[in-house]
2 protein chains.
Amino acid sequence: MNTAQAAAAPKQIVILGGGFAGVYTARYLEKLLRPTDAAITLVNRENYWVYQPMLSEVISGSLGLSSVVSPIRRLCPRTNLVTREIEDIDLQNHVVTVSPGFRPRQLKLRYDYLVIALGNVTNFHGMPGMLENALPFKTLADAMVLRNHVIRTLEEADVEEDPELRRKLLTFVVGGGGFSGVEVIAELIDFVRAVIKNYLRIRDQPHRSVLVHSRDRILQEMAEPLALFAQKTLRQRGVEIVLEDRLVAATSEKAILKSGAEIPCKTIVCTVPSTLTPVIQNLHCAKEKGKLLTNTGLELKDHEGRVWALGDCAVVKTVSGKEAPPTAQHAIREAATAATNIAAAIRGGARAEFMFEGLGTLSSLGHGAAVAQILGVKLSGLLAWMLWRCIYLMKMPGLNRKTRIATDWMLRLLFPPDLAQTKLDPTSGIQKQHFQPGDVVFQQGDLGDSVYVIEQGQCEVWREENGERKLLATLNAGDYFGEMALLADQSRNATIQACTAMSVLIIPKRDFDQLRQSVPAFGEIFRELAKRRTATAAEPRASASGTAINP
Amino acid sequence: MNTAQAAAAPKQIVILGGGFAGVYTARYLEKLLRPTDAAITLVNRENYWVYQPMLSEVISGSLGLSSVVSPIRRLCPRTNLVTREIEDIDLQNHVVTVSPGFRPRQLKLRYDYLVIALGNVTNFHGMPGMLENALPFKTLADAMVLRNHVIRTLEEADVEEDPELRRKLLTFVVGGGGFSGVEVIAELIDFVRAVIKNYLRIRDQPHRSVLVHSRDRILQEMAEPLALFAQKTLRQRGVEIVLEDRLVAATSEKAILKSGAEIPCKTIVCTVPSTLTPVIQNLHCAKEKGKLLTNTGLELKDHEGRVWALGDCAVVKTVSGKEAPPTAQHAIREAATAATNIAAAIRGGARAEFMFEGLGTLSSLGHGAAVAQILGVKLSGLLAWMLWRCIYLMKMPGLNRKTRIATDWMLRLLFPPDLAQTKLDPTSGIQKQHFQPGDVVFQQGDLGDSVYVIEQGQCEVWREENGERKLLATLNAGDYFGEMALLADQSRNATIQACTAMSVLIIPKRDFDQLRQSVPAFGEIFRELAKRRTATAAEPRASASGTAINP
């Protein structure tokens, strides 16, 4: 049992999720309740709260990593934070199960009152190759990974001789024209434009940024004139905007749209579509479009007085019947309502109903431009941008972060953005990959760096000898290829080209070597195959040892 | 062929390594030579140069990530940077081979003049378990990984119920009492002391920091009174200093010293021993103790006028015959000498001889304390610390970084250090691990999260039933265990304990599942084994399905 539960007297309040809704609920509860009334526990995957409106500024390094997030322990000093994943919610027995830490044992948290504020997640289900090749944009780590990826593409473009690959390296695609997508592409193009002058060989090369949106205009949440202004501004800054189309698939070489259009690129960021977390999906309770159904007191239907649900994972309606949109300002007001009602359940007192109707919307379009629509007034351009900065700076809790953000912004006016690349993950391990028909998996002459197993689809094995291109074999689901170059430590002696959409499992050399050393039977599978291939290749025309004949 | 080589007229200068020696050589060459004289190319793994003296301040977040490094492209704006690994130096044919980028093809760089400044690397060879469990401290990524690891141990200690595991989580061991080790442990203890108050359940728990050094005092490079002062200061701040001993092995649960002493812990940082990079090790040329042998003009022996070697990978002697120590101040002067001589080789002019004798040494001992020994004057305490900050701030090139560092330091005086944890690598993949005799690999009842393959050593399989502990089997090199819990998706039904020193390969559930789905023959290996184990277990006493009987 958890220490939080060991003390008998105070009620146990467990909050799930550390976004605006969860963290602000904890903050309000700390104000409304005495430590003797209740012990508050908050469970979140990260130990920090992300100031989502400013996260995109990490891409360009305008804001430092620690400026856009705030440690939950400091925001809610009286709340016990459990930095783990949530694995299960048991509404019948009032228990939440969280993932193991250093030791492989789950932790069970018993609750008297539960707050579910788990937000949503980006979901690439049914979009082949997206999971492997598209970058999400939700957490601080996502922002860092994107930043470092973009710097890596610039570094490589600067070294690369092949103009086609260089063009791919200098093409950046963002899916989703909501607030998040717009701010990401605006920051991204600001960053690339500012740093490319430091790359001697590509400083004069064109680079390309594409924003793909499914509707007829971006920023659907804002009034049309503002959205059109935003489109014009982004286009002036060099962003191509593709409307009424959307990303449906990706490979390591291109983004594929619903219309059939393909964009050759090495960078895909995707902010849509959103779905609920698996824990919410598995929860048996009243739902609407998958989201948790609540009353105007934010109580979960059929669990009133015990469970509250708020933020992006819940359907929240005001007393006037309007559904609250998934924004920070609404989440904060929902938190206030939920906290008031939990305190009322514990200590008595008046209940609150949710009745916040929203103040307006704001979106940054990169340095010096924004669109704003506040209390009915519409603004665009530099003035809106200054308003954007003022409002979000004010709304950031704590003097510490406010000072850091202001300082970062000041330094950014004086100096160019930083371009140090932090290499985070040198060994990527076993992974999946997707190829479209016609895609080349590897070229004859390439270094052998991985073994491939076909999970779905078909590919052809081609060899070029004396200027002649010859089809050696066709491989199908379940077949392996690429093992010869690894076993013999030589370069690829054939080209592999997908002839249908194809999913493969890639086993990198390092993992392949470790596995075959430690599990000899595993190595045997591939050695047998290689032997058979060599034998078959030798028969018809006694050529060099063959890489790939259908096993 | 590389574009850098495409232009015919200018000489090709290739510099290997982006530390103090390499970057300063490029900077001096940019001043001494016109673009028509020579094209300069610098090859480095990272696109930034690390300001090593301040790197440890990243641990506590005193300095932001971008403050302690500087992009090489901005430091040497006329130099072509190639951000790749160096794989081979061919001194006969004047070609350097660098690793592939996005496409698996190596790049060859032809040179007219070569500068080798590859520094050294931390080497855990012959120290079982160190590669898997000890963190090095050289790059920006190392500093970030360490910072995030320390925050993770605090987060886990705050949740953990088991007092023994909590003590391990709150113990930090640093190997090596040179400048680097001393600064790391000083920063580490400063950080933990500052943030532990935000962890409600462990704020009153003791934490432990241990510095292990092989000699009879730390900071061997400084005068004895200063080193003794440093020891006293560190001890006052709570660091245990273990002298005349050294780390020889590690497991995920403890550090093991040469004396046989063991320190149960979850954090080991190791700054020693250093060795040369494999590229230097494989280079056939004149060497002394593995390092490249040079003359006082810094030319590599037998390759005079063509190849220069400097920094930590070379033996550099002044005209007076004294060997230059591996410090930044020496590297910078070596760079000046080498650059002068390269310019002389291209354009004519006077040659230079290396004659710098050193100005002194400085070491920070954490916030408010340092030791300094400059031009014969010895200083310690606050004054030395202020001197340390002034000197290193002045020596940082560029107004941009100077301003950032000064700002970060100012903010650090006003606010507590940041404690946001950036989770960088959620899936760690196939890896090795080391266990000492008596170590428990997993406990009966744990969740099944990986499969293990024994590479070396022996372990025992124990099961507890009705309060009775029974030895089920002994497993040896080549045996697998842990597959049953994964195949049946249940918890461990036995405890595995090493009975000799044991090395294993760990295949995490995710990789194991992907492999057995895609490579059915791989799954078959383990299914067969599981079947045999169940059969054997069923024979003697018809117990529940057995996890682990010797196959």
# chains A, B, ... in the order shown; residues from 1 in each chain; ligands from 1

$ select_by_dssp --residues "region 146-199 of chain A" --states "alpha helix (DSSP H)" --output "compact mmCIF listing (two decimals) with N, CA and C atoms, in the first residue's frame"
# COMPACT_ATOMS: atom_id res chain seq x y z
N LEU A 146 11.98 17.13 -32.40
CA LEU A 146 11.74 17.83 -33.66
C LEU A 146 12.87 18.82 -33.95
N ARG A 147 13.22 19.60 -32.93
CA ARG A 147 14.30 20.58 -33.10
C ARG A 147 15.59 19.90 -33.57
N ASN A 148 15.95 18.81 -32.88
CA ASN A 148 17.19 18.13 -33.23
C ASN A 148 17.11 17.45 -34.59
N HIS A 149 15.93 16.97 -34.92
CA HIS A 149 15.75 16.36 -36.23
C HIS A 149 15.94 17.40 -37.33
N VAL A 150 15.37 18.57 -37.15
CA VAL A 150 15.50 19.62 -38.16
C VAL A 150 16.97 20.03 -38.32
N ILE A 151 17.67 20.17 -37.21
CA ILE A 151 19.09 20.52 -37.31
C ILE A 151 19.85 19.41 -38.03
N ARG A 152 19.49 18.16 -37.73
CA ARG A 152 20.17 17.06 -38.41
C ARG A 152 19.94 17.11 -39.92
N THR A 153 18.72 17.41 -40.34
CA THR A 153 18.47 17.47 -41.79
C THR A 153 19.30 18.59 -42.42
N LEU A 154 19.47 19.71 -41.73
CA LEU A 154 20.30 20.79 -42.26
C LEU A 154 21.76 20.36 -42.35
N GLU A 155 22.25 19.70 -41.29
CA GLU A 155 23.64 19.23 -41.29
C GLU A 155 23.87 18.28 -42.46
N GLU A 156 22.92 17.36 -42.66
CA GLU A 156 23.09 16.37 -43.72
C GLU A 156 22.94 17.01 -45.09
N ALA A 157 21.99 17.94 -45.23
CA ALA A 157 21.81 18.61 -46.52
C ALA A 157 23.10 19.34 -46.90
N ASP A 158 23.81 19.84 -45.90
CA ASP A 158 25.04 20.59 -46.15
C ASP A 158 26.15 19.68 -46.67
N VAL A 159 26.12 18.40 -46.30
CA VAL A 159 27.15 17.45 -46.72
C VAL A 159 26.74 16.74 -48.00
N PRO A 163 21.38 15.97 -55.38
CA PRO A 163 20.43 17.09 -55.28
C PRO A 163 19.02 16.63 -54.88
N GLU A 164 18.63 15.43 -55.27
CA GLU A 164 17.29 14.94 -54.94
C GLU A 164 17.16 14.72 -53.43
N LEU A 165 18.18 14.05 -52.85
CA LEU A 165 18.15 13.82 -51.41
C LEU A 165 18.24 15.16 -50.66
N ARG A 166 19.04 16.08 -51.21
CA ARG A 166 19.18 17.38 -50.55
C ARG A 166 17.83 18.11 -50.51
N ARG A 167 17.09 18.02 -51.62
CA ARG A 167 15.76 18.65 -51.64
C ARG A 167 14.84 18.04 -50.59
N LYS A 168 14.89 16.70 -50.46
CA LYS A 168 14.08 16.04 -49.43
C LYS A 168 14.47 16.51 -48.04
N LEU A 169 15.78 16.63 -47.83
CA LEU A 169 16.26 17.04 -46.51
C LEU A 169 15.81 18.46 -46.18
N PHE A 179 -4.34 25.36 -34.13
CA PHE A 179 -3.37 26.23 -33.45
C PHE A 179 -1.98 25.59 -33.42
N SER A 180 -1.94 24.31 -33.04
CA SER A 180 -0.67 23.64 -32.86
C SER A 180 0.10 23.56 -34.18
N GLY A 181 -0.56 23.10 -35.23
CA GLY A 181 0.10 22.96 -36.53
C GLY A 181 0.60 24.30 -37.07
N VAL A 182 -0.23 25.32 -36.93
CA VAL A 182 0.14 26.65 -37.43
C VAL A 182 1.36 27.17 -36.68
N GLU A 183 1.35 27.03 -35.36
CA GLU A 183 2.48 27.55 -34.59
C GLU A 183 3.75 26.77 -34.87
N VAL A 184 3.62 25.45 -35.07
CA VAL A 184 4.80 24.64 -35.37
C VAL A 184 5.41 25.06 -36.70
N ILE A 185 4.59 25.19 -37.75
CA ILE A 185 5.21 25.52 -39.05
C ILE A 185 5.75 26.95 -39.05
N ALA A 186 5.11 27.84 -38.32
CA ALA A 186 5.60 29.22 -38.26
C ALA A 186 6.96 29.28 -37.59
N GLU A 187 7.11 28.55 -36.47
CA GLU A 187 8.38 28.53 -35.76
C GLU A 187 9.45 27.83 -36.59
N LEU A 188 9.03 26.76 -37.24
CA LEU A 188 9.97 25.96 -38.01
C LEU A 188 10.58 26.79 -39.14
N ILE A 189 9.74 27.51 -39.84
CA ILE A 189 10.26 28.29 -40.98
C ILE A 189 11.09 29.48 -40.47
N ASP A 190 10.68 30.08 -39.37
CA ASP A 190 11.49 31.13 -38.74
C ASP A 190 12.90 30.61 -38.44
N PHE A 191 12.94 29.42 -37.86
CA PHE A 191 14.21 28.84 -37.44
C PHE A 191 15.10 28.53 -38.65
N VAL A 192 14.53 27.84 -39.62
CA VAL A 192 15.34 27.45 -40.78
C VAL A 192 15.87 28.70 -41.49
N ARG A 193 15.02 29.71 -41.66
CA ARG A 193 15.47 30.93 -42.33
C ARG A 193 16.59 31.62 -41.57
N ALA A 194 16.53 31.54 -40.23
CA ALA A 194 17.54 32.24 -39.43
C ALA A 194 18.88 31.52 -39.42
N VAL A 195 18.87 30.19 -39.46
CA VAL A 195 20.14 29.47 -39.30
C VAL A 195 20.76 29.00 -40.60

$ interface_residues --of "chain A" --to "chain B" --cutoff "6 Å" --atoms "only C-alpha atoms" --output "ChimeraX atom specification"
/A:48,71,73,104-105,141,198,420,422,429,446-447

$ select_by_dssp --residues "region 213-419 of chain B" --states "strand (DSSP E or B)" --output "PyMOL selection string"
chain B and resi 239-242+247-250+254-257+262-264+267-270+274-276+287-288+291-294+299-300+307-309+314-315+317+323+360-364+370-374+377-381

$ write_last_selection --atoms "C-alpha atoms" --output "CSV table (one decimal), in the first residue's frame"
chain,number,residue,atom,x,y,z
B,239,VAL,CA,30.5,14.1,-0.1
B,240,GLU,CA,32.1,10.8,1.0
B,241,ILE,CA,35.6,10.6,-0.5
B,242,VAL,CA,37.0,7.1,-0.9
B,247,LEU,CA,35.6,1.3,-9.6
B,248,VAL,CA,36.1,-2.0,-11.2
B,249,ALA,CA,32.6,-3.3,-11.9
B,250,ALA,CA,29.0,-2.4,-11.7
B,254,LYS,CA,25.6,-1.4,-7.1
B,255,ALA,CA,29.1,-0.1,-7.7
B,256,ILE,CA,31.9,-2.5,-7.0
B,257,LEU,CA,35.4,-1.2,-5.9
B,262,GLU,CA,30.3,-2.5,-2.7
B,263,ILE,CA,28.1,0.6,-2.8
B,264,PRO,CA,24.4,-0.1,-3.4
B,267,THR,CA,23.6,6.2,-10.2
B,268,ILE,CA,27.2,5.7,-11.3
B,269,VAL,CA,29.1,8.4,-13.2
B,270,CYS,CA,32.5,7.5,-14.3
B,274,SER,CA,40.5,7.6,-20.7
B,275,THR,CA,41.7,5.9,-23.8
B,276,LEU,CA,42.4,7.0,-27.4
B,287,LYS,CA,53.3,6.7,-31.1
B,288,GLU,CA,54.2,7.0,-27.4
B,291,LYS,CA,49.4,8.8,-28.4
B,292,LEU,CA,50.6,10.3,-31.6
B,293,LEU,CA,54.2,11.4,-31.6
B,294,THR,CA,54.9,15.0,-32.7
B,299,GLU,CA,53.9,17.7,-37.0
B,300,LEU,CA,53.3,14.0,-36.8
B,307,VAL,CA,50.0,16.0,-40.9
B,308,TRP,CA,49.7,17.8,-37.6
B,309,ALA,CA,48.5,16.2,-34.3
B,314,ALA,CA,49.0,13.6,-29.1
B,315,VAL,CA,52.3,13.7,-27.2
B,317,LYS,CA,56.5,18.6,-26.0
B,323,GLU,CA,55.2,17.4,-22.0
B,360,GLY,CA,47.7,27.6,-13.7
B,361,THR,CA,44.8,25.4,-12.8
B,362,LEU,CA,41.3,26.0,-11.5
B,363,SER,CA,38.6,23.7,-10.2
B,364,SER,CA,35.1,24.5,-9.0
B,370,ALA,CA,36.7,26.6,-5.8
B,371,VAL,CA,40.5,26.1,-5.7
B,372,ALA,CA,42.8,28.1,-8.0
B,373,GLN,CA,46.5,28.1,-8.6
B,374,ILE,CA,47.4,30.8,-11.0
B,377,VAL,CA,49.4,32.2,-6.5
B,378,LYS,CA,47.2,29.8,-4.6
B,379,LEU,CA,43.6,30.7,-3.8
B,380,SER,CA,40.7,28.8,-2.3
B,381,GLY,CA,37.1,29.3,-1.3

$ atom_distance --atom1 "CA of Pro206 (chain B)" --atom2 "CA of Val98 (chain A)"
26.6 Å

$ atom_distance --atom1 "CA of Ala530 (chain A)" --atom2 "CA of Leu529 (chain B)"
25.5 Å

$ closest_residue --among "B:Arg208, B:Asp302, B:Ile496, B:Asn44" --to "Arg237 (chain B)" --atoms "only C-alpha atoms"
B:Arg208

$ atom_distance --atom1 "CA of Gly238 (chain A)" --atom2 "CA of Val68 (chain A)"
26.8 Å

$ decode --residues "region 358-462 of chain B" --atoms "C-alpha atoms" --output "PDB file, in the first residue's frame"
ATOM      1  CA  GLY B 358      50.826  26.895 -18.617  1.00  0.00           C
ATOM      2  CA  LEU B 359      49.231  29.621 -16.556  1.00  0.00           C
ATOM      3  CA  GLY B 360      47.685  27.615 -13.748  1.00  0.00           C
ATOM      4  CA  THR B 361      44.778  25.404 -12.814  1.00  0.00           C
ATOM      5  CA  LEU B 362      41.267  25.957 -11.469  1.00  0.00           C
ATOM      6  CA  SER B 363      38.573  23.677 -10.179  1.00  0.00           C
ATOM      7  CA  SER B 364      35.065  24.501  -9.043  1.00  0.00           C
ATOM      8  CA  LEU B 365      33.784  22.760  -5.914  1.00  0.00           C
ATOM      9  CA  GLY B 366      30.143  23.696  -6.413  1.00  0.00           C
ATOM     10  CA  HIS B 367      28.321  26.909  -5.616  1.00  0.00           C
ATOM     11  CA  GLY B 368      30.541  29.419  -3.805  1.00  0.00           C
ATOM     12  CA  ALA B 369      33.734  27.403  -3.561  1.00  0.00           C
ATOM     13  CA  ALA B 370      36.711  26.647  -5.777  1.00  0.00           C
ATOM     14  CA  VAL B 371      40.453  26.129  -5.738  1.00  0.00           C
ATOM     15  CA  ALA B 372      42.821  28.059  -7.981  1.00  0.00           C
ATOM     16  CA  GLN B 373      46.536  28.088  -8.600  1.00  0.00           C
ATOM     17  CA  ILE B 374      47.424  30.814 -11.045  1.00  0.00           C
ATOM     18  CA  LEU B 375      50.892  32.111 -11.965  1.00  0.00           C
ATOM     19  CA  GLY B 376      52.164  30.680  -8.691  1.00  0.00           C
ATOM     20  CA  VAL B 377      49.411  32.187  -6.491  1.00  0.00           C
ATOM     21  CA  LYS B 378      47.174  29.765  -4.594  1.00  0.00           C
ATOM     22  CA  LEU B 379      43.581  30.653  -3.790  1.00  0.00           C
ATOM     23  CA  SER B 380      40.675  28.761  -2.297  1.00  0.00           C
ATOM     24  CA  GLY B 381      37.058  29.335  -1.250  1.00  0.00           C
ATOM     25  CA  LEU B 382      34.678  32.056  -2.415  1.00  0.00           C
ATOM     26  CA  LEU B 383      37.382  34.277  -3.917  1.00  0.00           C
ATOM     27  CA  ALA B 384      38.696  31.396  -6.009  1.00  0.00           C
ATOM     28  CA  TRP B 385      35.121  30.641  -7.089  1.00  0.00           C
ATOM     29  CA  MET B 386      34.567  34.197  -8.259  1.00  0.00           C
ATOM     30  CA  LEU B 387      37.886  34.080 -10.076  1.00  0.00           C
ATOM     31  CA  TRP B 388      36.851  30.756 -11.637  1.00  0.00           C
ATOM     32  CA  ARG B 389      33.639  32.301 -12.922  1.00  0.00           C
ATOM     33  CA  CYS B 390      35.344  35.453 -14.231  1.00  0.00           C
ATOM     34  CA  ILE B 391      38.140  33.620 -16.012  1.00  0.00           C
ATOM     35  CA  TYR B 392      35.913  31.037 -17.668  1.00  0.00           C
ATOM     36  CA  LEU B 393      33.290  33.608 -18.610  1.00  0.00           C
ATOM     37  CA  MET B 394      36.022  35.709 -20.260  1.00  0.00           C
ATOM     38  CA  LYS B 395      37.497  32.716 -22.049  1.00  0.00           C
ATOM     39  CA  MET B 396      34.128  31.715 -23.567  1.00  0.00           C
ATOM     40  CA  PRO B 397      34.250  33.005 -27.141  1.00  0.00           C
ATOM     41  CA  GLY B 398      31.444  35.272 -28.382  1.00  0.00           C
ATOM     42  CA  LEU B 399      29.213  37.866 -26.768  1.00  0.00           C
ATOM     43  CA  ASN B 400      26.135  35.672 -27.319  1.00  0.00           C
ATOM     44  CA  ARG B 401      27.324  32.892 -24.997  1.00  0.00           C
ATOM     45  CA  LYS B 402      28.881  35.290 -22.493  1.00  0.00           C
ATOM     46  CA  THR B 403      25.523  37.046 -22.121  1.00  0.00           C
ATOM     47  CA  ARG B 404      23.629  33.775 -21.839  1.00  0.00           C
ATOM     48  CA  ILE B 405      25.949  32.414 -19.179  1.00  0.00           C
ATOM     49  CA  ALA B 406      25.858  35.624 -17.148  1.00  0.00           C
ATOM     50  CA  THR B 407      22.044  35.677 -17.386  1.00  0.00           C
ATOM     51  CA  ASP B 408      21.723  32.039 -16.366  1.00  0.00           C
ATOM     52  CA  TRP B 409      23.966  32.637 -13.359  1.00  0.00           C
ATOM     53  CA  MET B 410      21.902  35.659 -12.353  1.00  0.00           C
ATOM     54  CA  LEU B 411      18.623  33.750 -12.606  1.00  0.00           C
ATOM     55  CA  ARG B 412      20.164  30.931 -10.585  1.00  0.00           C
ATOM     56  CA  LEU B 413      20.809  33.398  -7.747  1.00  0.00           C
ATOM     57  CA  LEU B 414      17.144  34.420  -7.802  1.00  0.00           C
ATOM     58  CA  PHE B 415      15.374  31.107  -8.332  1.00  0.00           C
ATOM     59  CA  PRO B 416      15.789  27.455  -7.339  1.00  0.00           C
ATOM     60  CA  PRO B 417      17.205  25.087  -9.971  1.00  0.00           C
ATOM     61  CA  ASP B 418      14.760  23.665 -12.441  1.00  0.00           C
ATOM     62  CA  LEU B 419      13.661  20.050 -11.989  1.00  0.00           C
ATOM     63  CA  ALA B 420      11.741  19.204 -15.145  1.00  0.00           C
ATOM     64  CA  GLN B 421      12.745  15.765 -16.375  1.00  0.00           C
ATOM     65  CA  THR B 422      13.012  15.329 -20.131  1.00  0.00           C
ATOM     66  CA  LYS B 423      12.287  11.717 -20.908  1.00  0.00           C
ATOM     67  CA  LEU B 424      14.505  11.120 -23.841  1.00  0.00           C
ATOM     68  CA  ASP B 425      14.491   7.465 -24.600  1.00  0.00           C
ATOM     69  CA  PRO B 426      11.376   5.558 -23.582  1.00  0.00           C
ATOM     70  CA  THR B 427      12.281   2.364 -25.455  1.00  0.00           C
ATOM     71  CA  SER B 428      15.753   1.203 -24.700  1.00  0.00           C
ATOM     72  CA  GLY B 429      15.940  -1.921 -26.899  1.00  0.00           C
ATOM     73  CA  ILE B 430      18.096  -5.014 -26.678  1.00  0.00           C
ATOM     74  CA  GLN B 431      20.933  -4.548 -24.217  1.00  0.00           C
ATOM     75  CA  LYS B 432      23.475  -6.333 -22.069  1.00  0.00           C
ATOM     76  CA  GLN B 433      23.567  -6.443 -18.300  1.00  0.00           C
ATOM     77  CA  HIS B 434      25.962  -7.716 -15.666  1.00  0.00           C
ATOM     78  CA  PHE B 435      25.175  -9.427 -12.353  1.00  0.00           C
ATOM     79  CA  GLN B 436      27.452 -10.258  -9.435  1.00  0.00           C
ATOM     80  CA  PRO B 437      27.181 -13.535  -7.450  1.00  0.00           C
ATOM     81  CA  GLY B 438      24.103 -13.403  -5.243  1.00  0.00           C
ATOM     82  CA  ASP B 439      22.320 -10.702  -7.270  1.00  0.00           C
ATOM     83  CA  VAL B 440      18.641 -11.222  -7.950  1.00  0.00           C
ATOM     84  CA  VAL B 441      17.724 -10.826 -11.629  1.00  0.00           C
ATOM     85  CA  PHE B 442      13.994 -10.842 -10.958  1.00  0.00           C
ATOM     86  CA  GLN B 443      11.681 -11.793  -8.121  1.00  0.00           C
ATOM     87  CA  GLN B 444       8.823 -14.258  -8.154  1.00  0.00           C
ATOM     88  CA  GLY B 445       5.689 -12.143  -8.595  1.00  0.00           C
ATOM     89  CA  ASP B 446       7.378  -9.404 -10.643  1.00  0.00           C
ATOM     90  CA  LEU B 447       5.846  -8.447 -13.971  1.00  0.00           C
ATOM     91  CA  GLY B 448       7.415 -10.226 -16.944  1.00  0.00           C
ATOM     92  CA  ASP B 449       9.034  -7.450 -18.953  1.00  0.00           C
ATOM     93  CA  SER B 450      11.994  -9.135 -20.699  1.00  0.00           C
ATOM     94  CA  VAL B 451      13.615 -12.361 -21.825  1.00  0.00           C
ATOM     95  CA  TYR B 452      17.188 -13.091 -20.727  1.00  0.00           C
ATOM     96  CA  VAL B 453      19.956 -15.023 -22.480  1.00  0.00           C
ATOM     97  CA  ILE B 454      23.001 -15.996 -20.415  1.00  0.00           C
ATOM     98  CA  GLU B 455      26.232 -15.083 -22.180  1.00  0.00           C
ATOM     99  CA  GLN B 456      28.563 -15.956 -19.310  1.00  0.00           C
ATOM    100  CA  GLY B 457      28.137 -17.326 -15.820  1.00  0.00           C
ATOM    101  CA  GLN B 458      25.518 -19.257 -13.952  1.00  0.00           C
ATOM    102  CA  CYS B 459      22.299 -18.612 -12.086  1.00  0.00           C
ATOM    103  CA  GLU B 460      19.770 -20.474  -9.957  1.00  0.00           C
ATOM    104  CA  VAL B 461      16.013 -20.698 -10.250  1.00  0.00           C
ATOM    105  CA  TRP B 462      14.140 -20.547  -6.944  1.00  0.00           C
TER     106      TRP B 462
END
